[in-house]
Structures are given as structure tokens and as C-alpha cells.
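So this one's coords_18.txt, compact mmCIF, C-alpha atoms and all ligand atoms:
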# COMPACT_ATOMS: atom_id res chain seq x y z
CA MET A 1 -18.90 8.96 5.65
CA ALA A 2 -18.67 11.56 8.43
CA PHE A 3 -15.32 13.25 8.72
CA PRO A 4 -14.14 16.20 10.82
CA ALA A 5 -14.60 19.80 9.76
CA ASN A 6 -11.71 20.28 7.35
CA GLY A 7 -12.42 17.15 5.35
CA PHE A 8 -10.14 14.26 4.46
CA ARG A 9 -6.94 15.32 2.72
CA ALA A 10 -4.84 12.71 0.95
CA ALA A 11 -1.82 13.17 -1.31
CA VAL A 12 -0.91 10.79 -4.13
CA VAL A 13 2.73 10.88 -5.25
CA THR A 14 3.53 10.36 -8.93
CA PHE A 15 6.98 9.13 -9.95
CA PRO A 16 8.14 8.87 -13.57
CA GLY A 17 6.66 5.47 -14.54
CA SER A 18 3.85 5.38 -11.97
CA ASN A 19 0.76 3.99 -13.66
CA CYS A 20 -1.70 3.48 -10.79
CA ASP A 21 -1.60 7.05 -9.46
CA ARG A 22 -4.80 8.06 -11.19
CA ASP A 23 -6.60 4.93 -9.96
CA MET A 24 -5.38 5.61 -6.42
CA ALA A 25 -6.60 9.22 -6.57
CA ALA A 26 -9.95 8.07 -8.02
CA ALA A 27 -10.36 5.44 -5.28
CA LEU A 28 -9.60 7.96 -2.53
CA GLU A 29 -12.04 10.42 -4.02
CA ALA A 30 -14.76 7.78 -4.50
CA VAL A 31 -14.54 6.69 -0.88
CA SER A 32 -13.93 10.05 0.83
CA GLY A 33 -15.77 12.43 -1.49
CA GLN A 34 -12.67 14.67 -1.41
CA PRO A 35 -10.24 15.12 -4.31
CA ALA A 36 -6.72 13.83 -3.62
CA VAL A 37 -3.83 16.28 -3.96
CA ARG A 38 -1.43 15.14 -6.68
CA VAL A 39 2.27 15.50 -5.86
CA TRP A 40 5.25 15.11 -8.23
CA HIS A 41 8.31 13.10 -7.19
CA GLY A 42 10.57 16.08 -7.78
CA ASP A 43 8.69 18.29 -5.31
CA ALA A 44 10.64 19.01 -2.17
CA ASP A 45 7.59 19.53 0.02
CA LEU A 46 4.25 17.92 0.66
CA PRO A 47 1.07 19.94 1.16
CA GLU A 48 0.29 20.86 4.75
CA ARG A 49 -2.19 19.01 6.94
CA LEU A 50 -2.33 15.64 5.24
CA ASP A 51 -4.38 12.74 6.57
CA LEU A 52 -2.77 10.19 4.26
CA ILE A 53 0.11 9.89 1.79
CA ALA A 54 -0.36 7.26 -0.92
CA LEU A 55 2.53 5.86 -2.95
CA PRO A 56 0.91 4.19 -5.97
CA GLY A 57 1.77 1.22 -8.13
CA GLY A 58 3.69 1.30 -11.36
CA PHE A 59 7.16 1.01 -12.80
CA SER A 60 8.94 4.02 -11.35
CA TYR A 61 12.12 4.75 -13.28
CA GLY A 62 11.36 1.70 -15.42
CA ASP A 63 12.14 -0.61 -12.47
CA TYR A 64 15.82 -0.08 -13.33
CA LEU A 65 18.38 -1.08 -10.69
CA ARG A 66 15.70 -2.62 -8.45
CA SER A 67 11.97 -1.84 -8.37
CA GLY A 68 11.50 1.24 -6.22
CA ALA A 69 15.22 1.82 -5.60
CA MET A 70 15.53 5.01 -7.63
CA ALA A 71 12.16 6.41 -6.56
CA ALA A 72 13.26 5.97 -2.94
CA MET A 73 15.92 8.62 -3.65
CA SER A 74 13.44 11.16 -5.06
CA PRO A 75 13.29 14.57 -3.36
CA ILE A 76 9.68 13.95 -2.28
CA MET A 77 10.70 10.85 -0.30
CA ARG A 78 12.59 13.03 2.20
CA ALA A 79 9.33 14.85 2.85
CA VAL A 80 7.43 11.53 3.02
CA ALA A 81 9.90 10.17 5.59
CA ALA A 82 9.62 13.36 7.65
CA ALA A 83 5.80 13.24 7.54
CA ALA A 84 5.82 9.55 8.47
CA ALA A 85 8.06 10.37 11.43
CA ARG A 86 5.40 12.84 12.57
CA GLY A 87 2.82 10.05 12.35
CA VAL A 88 1.14 10.91 9.04
CA PRO A 89 -0.26 7.61 7.69
CA VAL A 90 1.43 6.26 4.54
CA LEU A 91 -0.02 3.62 2.20
CA GLY A 92 2.29 2.08 -0.39
CA VAL A 93 0.70 -0.24 -2.94
CA CYS A 94 2.75 -2.55 -5.16
CA ASN A 95 5.50 -0.28 -6.52
CA GLY A 96 4.67 1.98 -3.55
CA PHE A 97 5.46 -0.95 -1.22
CA GLN A 98 8.73 -1.49 -3.11
CA VAL A 99 9.58 2.21 -2.66
CA LEU A 100 8.83 2.01 1.08
CA THR A 101 11.18 -0.95 1.60
CA GLU A 102 13.90 0.67 -0.53
CA ALA A 103 13.50 3.86 1.52
CA ARG A 104 13.82 1.74 4.69
CA LEU A 105 10.45 2.95 5.94
CA LEU A 106 9.41 -0.71 6.04
CA PRO A 107 11.63 -3.75 6.66
CA GLY A 108 12.48 -6.39 4.06
CA ALA A 109 12.70 -6.33 0.28
CA LEU A 110 10.57 -7.29 -2.72
CA MET A 111 12.45 -9.70 -4.97
CA ARG A 112 11.62 -11.13 -8.40
CA ASN A 113 8.63 -13.53 -8.25
CA ALA A 114 9.79 -17.08 -7.53
CA ASP A 115 8.63 -18.35 -10.94
CA GLN A 116 10.23 -15.36 -12.76
CA ARG A 117 6.84 -14.46 -14.26
CA PHE A 118 4.68 -11.36 -14.08
CA ILE A 119 1.57 -12.32 -12.07
CA CYS A 120 -1.70 -10.56 -12.95
CA ARG A 121 -4.81 -12.00 -11.30
CA THR A 122 -7.18 -11.56 -8.40
CA VAL A 123 -5.96 -13.39 -5.30
CA THR A 124 -7.42 -14.25 -1.92
CA LEU A 125 -5.80 -12.54 1.05
CA LYS A 126 -6.14 -13.56 4.66
CA VAL A 127 -6.43 -10.68 7.13
CA GLU A 128 -3.85 -11.03 9.92
CA ASN A 129 -3.91 -7.64 11.65
CA THR A 130 -7.20 -6.02 12.66
CA SER A 131 -5.95 -3.19 14.87
CA SER A 132 -4.19 -0.77 12.51
CA LEU A 133 -5.92 2.20 10.95
CA PHE A 134 -5.85 0.34 7.62
CA THR A 135 -7.27 -2.93 8.92
CA ASN A 136 -9.53 -2.06 11.87
CA GLY A 137 -12.79 -2.92 10.09
CA PHE A 138 -11.72 -6.42 9.06
CA ALA A 139 -12.21 -9.63 11.04
CA ALA A 140 -9.16 -11.73 11.91
CA GLY A 141 -8.72 -14.49 9.35
CA GLU A 142 -11.24 -12.90 7.00
CA SER A 143 -10.72 -13.50 3.28
CA LEU A 144 -10.47 -10.58 0.85
CA ARG A 145 -10.34 -10.76 -2.94
CA ILE A 146 -7.88 -8.19 -4.30
CA PRO A 147 -6.01 -8.04 -7.65
CA VAL A 148 -2.23 -8.35 -7.94
CA ALA A 149 -0.06 -7.29 -10.90
CA HIS A 150 3.69 -7.46 -10.40
CA HIS A 151 6.95 -9.18 -11.24
CA ASP A 152 8.76 -8.22 -8.04
CA GLY A 153 6.38 -9.21 -5.25
CA ASN A 154 8.41 -11.92 -3.55
CA TYR A 155 8.73 -10.54 -0.02
CA PHE A 156 12.02 -11.32 1.70
CA ALA A 157 13.29 -10.60 5.20
CA ASP A 158 15.62 -12.61 7.42
CA ALA A 159 14.08 -15.08 9.88
CA GLU A 160 14.68 -12.82 12.88
CA THR A 161 12.87 -9.92 11.19
CA LEU A 162 9.99 -12.17 10.11
CA ASP A 163 9.64 -13.50 13.67
CA ARG A 164 9.63 -9.94 15.01
CA LEU A 165 7.00 -8.82 12.47
CA GLU A 166 4.81 -11.77 13.42
CA GLY A 167 5.36 -11.25 17.15
CA GLU A 168 4.44 -7.57 16.88
CA GLY A 169 1.33 -8.23 14.78
CA ARG A 170 2.81 -6.37 11.84
CA ILE A 171 1.82 -8.82 9.12
CA ALA A 172 -1.27 -7.09 7.73
CA PHE A 173 -2.18 -9.68 5.09
CA ARG A 174 -1.03 -13.06 3.83
CA TYR A 175 -1.77 -14.75 0.52
CA ALA A 176 -4.28 -17.55 1.14
CA GLU A 177 -2.43 -19.67 -1.41
CA THR A 178 1.15 -19.38 -2.62
CA CYS A 179 1.39 -16.44 -4.99
CA ASN A 180 4.88 -15.19 -5.74
CA GLY A 181 7.19 -17.03 -3.34
CA SER A 182 6.90 -14.47 -0.52
CA ALA A 183 8.38 -15.49 2.82
CA ARG A 184 5.58 -16.87 5.00
CA ASP A 185 3.12 -15.84 2.26
CA ILE A 186 3.34 -12.21 3.37
CA ALA A 187 1.34 -9.81 1.19
CA GLY A 188 1.44 -6.67 3.37
CA VAL A 189 3.42 -5.36 6.35
CA LEU A 190 3.02 -2.54 8.83
CA SER A 191 5.55 -0.21 10.41
CA ASP A 192 6.26 -0.51 14.13
CA ASN A 193 3.72 2.23 14.93
CA GLY A 194 1.16 0.68 12.53
CA ARG A 195 0.82 3.91 10.53
CA ILE A 196 2.70 2.81 7.41
CA LEU A 197 1.28 -0.06 5.34
CA GLY A 198 2.97 -1.59 2.33
CA MET A 199 1.07 -4.20 0.33
CA MET A 200 1.54 -5.81 -3.09
CA PRO A 201 -2.17 -6.32 -3.93
CA HIS A 202 -4.06 -3.31 -5.31
CA PRO A 203 -7.03 -2.23 -3.14
CA GLU A 204 -7.59 0.75 -5.44
CA ARG A 205 -8.52 -1.72 -8.20
CA ALA A 206 -11.29 -3.22 -6.08
CA ILE A 207 -13.48 -0.34 -5.01
CA GLU A 208 -16.51 -0.51 -7.25
CA PRO A 209 -19.45 -2.37 -5.67
CA ALA A 210 -21.08 -2.82 -9.07
CA ALA A 211 -18.02 -4.55 -10.49
CA VAL A 212 -18.21 -8.31 -10.77
CA ALA A 213 -15.46 -10.29 -9.05
CA SER A 214 -13.48 -10.63 -12.29
CA LEU A 215 -13.12 -6.84 -12.36
CA GLY A 216 -11.67 -6.79 -8.89
CA GLY A 217 -14.77 -6.74 -6.69
CA ALA A 218 -15.14 -4.20 -3.88
CA ASP A 219 -13.06 -5.61 -1.02
CA GLY A 220 -10.38 -2.96 -1.53
CA ARG A 221 -12.90 -0.23 -0.84
CA ARG A 222 -13.14 -1.46 2.74
CA LEU A 223 -9.46 -0.72 3.35
CA PHE A 224 -10.02 2.93 2.41
CA GLU A 225 -13.18 3.01 4.52
CA ASN A 226 -11.16 1.64 7.46
CA ILE A 227 -8.71 4.55 7.13
CA LEU A 228 -11.50 7.11 7.06
CA SER A 229 -13.39 5.68 10.00
CA ALA A 230 -10.20 5.30 12.09
CA LEU A 231 -9.22 8.91 11.41
CA ALA A 232 -12.75 10.18 12.00
CA SER A 233 -12.90 8.54 15.41
CA ALA A 234 -9.30 9.45 16.39
N1 LIG B 1 1.66 -2.77 -10.49
C1 LIG B 1 2.82 -2.43 -10.02
O1 LIG B 1 2.95 -1.54 -9.16
C2 LIG B 1 4.02 -3.11 -10.56
C3 LIG B 1 5.12 -3.07 -9.55
C4 LIG B 1 6.50 -3.44 -9.98
N2 LIG B 1 7.11 -2.51 -10.78
C5 LIG B 1 6.57 -4.87 -10.38
O2 LIG B 1 6.15 -5.24 -11.46
O3 LIG B 1 7.01 -5.63 -9.59
Taking this structure as input, can you express it in the form of C-alpha cells?
Amino acid sequence: MAFPANGFRAAVVTFPGSNCDRDMAAALEAVSGQPAVRVWHGDADLPERLDLIALPGGFSYGDYLRSGAMAAMSPIMRAVAAAAARGVPVLGVCNGFQVLTEARLLPGALMRNADQRFICRTVTLKVENTSSLFTNGFAAGESLRIPVAHHDGNYFADAETLDRLEGEGRIAFRYAETCNGSARDIAGVLSDNGRILGMMPHPERAIEPAAVASLGGADGRRLFENILSALASA
């Protein structure tokens, strides 16, 4: 994929208990051809000139207190918030989504799944937003097959916030069938400027075209391709 002179530069943050950071870095490298910079939660600063910050899945701080609550207080999250305020795109997947809500970079909260069980399977998502840098290559209403693996994926926000998110086109994805009890079947939400995406499903586990559907398929790859093509044409 063509990309401007300096090449695509993404950072992947690792918290104690992250377990999808390597997969996220591998996915970014597979799609962009550029190695991702690995950043530790205790770092005070991010590398310069980033095109994307990825907060990966996992069980940061053992999910103690609430999933993502302690990671949201990590030194690196001050730098992430500052970069996001400058418009640097941020992708939070699963635990990364939990961290983004706990850090108040996205509205709402991820509660325990409605049936109290850990859910680990590939689900069908319906694409709702097609204008953000993460979703621009999808068709409205398109179905994607992406794996989920979480016990705290039950998205909650008050009715007024949910109405606002819907009115502003900030629901990125919905579950095609009920998954974890999420309000209005929300699987992913965008920030008001569309440059922060939090989603429970794992696109980095669905990037290998050769993989059969039971290994995740390749629909997640398209999300990373969307980011690259949006940035390349910006
Ligand atoms: N795969 C993950 O990121 C797990 C997220 C989270 N700790 C949960 O189980 O809810």
C-alpha cells in the first residue's frame, strides 16, 4: 500500500497484563510493512510523529478494580490523551476500549457480560459508520466476521448519551445478534472527532487471508487497510 515518504508509524502500548500487544504489532506490520514501535505503560512520553496509537487487548493489572481502570492511570495515558487532543488517531481493542472509556477518552463503560460468562467466539458485526478513518472502506450495513474474547464487553451509557452517539454517527459497529448485553448492541464507538475508535471485537485476530473463518478470517485486515488508505490520502 502506498504511503507518504516517511512511512507509517504506529505505536502499540503494553500494560502489565496485556496479552494482545504482540498480535496488534504483528497485524500493523503485516498490513503496513512497517514495524510498530512498542511502548511501555510506565513511559512518560510517546515517540514523535505517530500516525496511530494502538491500545491492545488483555487483562491489564489483572482486571482488578474494573477492567482498564488502573491502566487508565498509567503515565503513558497522559501522553496518549495529549496526542489524541492533537488529533493523533487512537485504536483501542477490547481491554484497550475499556482503558479508553476509563480514561474518559470515549463515553460509556464496559460492564460484566450480561450472562456473567467469558465469551470467546467469532461474531458478526454490522458496519454503522463508513466515514471515519477506521471505517471508510466499509459499506453501510455490511457484515464483518471478527472474533471476540472478553468478560467485560457489555457496553453501557445513559439513554441521552446513546441517542447523541447515534445522532452523531458515532456507533462504528453493532453486533448482528445479541452478544454480551451491550446497550443497543453496540460493539464499537468513535470519539466526537472520529479519530478515536474503541471496539470489543479483535480485528488484529482476523488479518490472515489464508486463515479459514474458524481462525478469524480476514475481515479485520480491512480495518487496518482503511486507516492506511485514509492517512495516505489525507
Ligand atoms: N481480550 C481482552 O482484551 C480481554 C478484555 C478484558 N480484560 C475482559 O475480559 O473483559
At a cut-off of 6 Å, using all atoms listed in the file, what residues contact segment 16-21 of chain A? Leave out same-chain residues fewer than 2 positions from it and give the result as JSON, numbers by chain. {"A": [14, 23, 24, 56, 57, 58, 59, 60, 61]}
Name the residues in contact with Gly188 of chain A at a cut-off of 10 Å, using only C-alpha atoms, excluding same-chain residues fewer than 5 positions from it; report them as a PyMOL selection string. chain A and resi 92-94+97+125+127-129+155+170-175+197-201
Residues near Leu144 of chain A, cut-off 7 Å, only C-alpha atoms, skip fewer than 6 positions along chain, as a PyMOL selection string: chain A and resi 124-126+219
Write out as number ranges by chain which residues come within 6 Å of Ala11 of chain A when counting only C-alpha atoms, dropping same-chain ones fewer than 2 positions away. A: 36-38, 53
How would you write as a ChimeraX atom specification the residues that get within 7 Å of (5.3, -9.8, -7.0) in the file's frame, counting all atoms listed in the file? /A:112-113,119,150-154,180,200
Atomic separation - atom CA of Val13 of chain A relative to atom CA of Ser32 of chain A, Å: 17.8 Å
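A straight line drawn from atom CA of Leu110 of chain A to atom CA of Asp63 of chain A is 11.9 Å long.
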Correct to one decimal, the distance atom CA of Val99 of chain A-atom CA of Met73 of chain A is 9.1 Å
Identify, on the basis of only C-alpha atoms, every residue whose closest approach to Leu50 of chain A does not exceed 10 Å; exclude the query and any residue fewer than 2 positions from it along the same chain; express the result as a PyMOL selection string. chain A and resi 8-11+37+46-48+52-53+83+88-89
With C-alpha atoms retained, export the selected residues as an mmCIF file, in the coordinates of the input.
data_model
loop_
_atom_site.group_PDB
_atom_site.id
_atom_site.type_symbol
_atom_site.label_atom_id
_atom_site.label_comp_id
_atom_site.auth_asym_id
_atom_site.auth_seq_id
_atom_site.Cartn_x
_atom_site.Cartn_y
_atom_site.Cartn_z
ATOM 1 C CA PHE A 8 -10.140 14.260 4.460
ATOM 2 C CA ARG A 9 -6.940 15.320 2.720
ATOM 3 C CA ALA A 10 -4.840 12.710 0.950
ATOM 4 C CA ALA A 11 -1.820 13.170 -1.310
ATOM 5 C CA VAL A 37 -3.830 16.280 -3.960
ATOM 6 C CA LEU A 46 4.250 17.920 0.660
ATOM 7 C CA PRO A 47 1.070 19.940 1.160
ATOM 8 C CA GLU A 48 0.290 20.860 4.750
ATOM 9 C CA LEU A 52 -2.770 10.190 4.260
ATOM 10 C CA ILE A 53 0.110 9.890 1.790
ATOM 11 C CA ALA A 83 5.800 13.240 7.540
ATOM 12 C CA VAL A 88 1.140 10.910 9.040
ATOM 13 C CA PRO A 89 -0.260 7.610 7.690
#
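Using all atoms listed in the file, the nearest neighbour of Gly87 of chain A within the list A:Thr130, A:Asp51, A:Val31, A:Gly7 is A:Asp51.
Counting all atoms listed in the file, the residue from A:Arg86, A:Arg145, A:Arg121, A:Arg205 that sits nearest to Cys179 of chain A is A:Arg121.
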Closest of A:Gln116, A:Thr178, A:Ser132, A:Gln34 to Leu91 of chain A, counting only C-alpha atoms, is A:Ser132
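Using all atoms listed in the file, the shortest contact distance between ligand LIG 1 (chain B) and any of A:Ala71, A:Leu223, A:Val39, A:Ala30 is found at A:Ala71.
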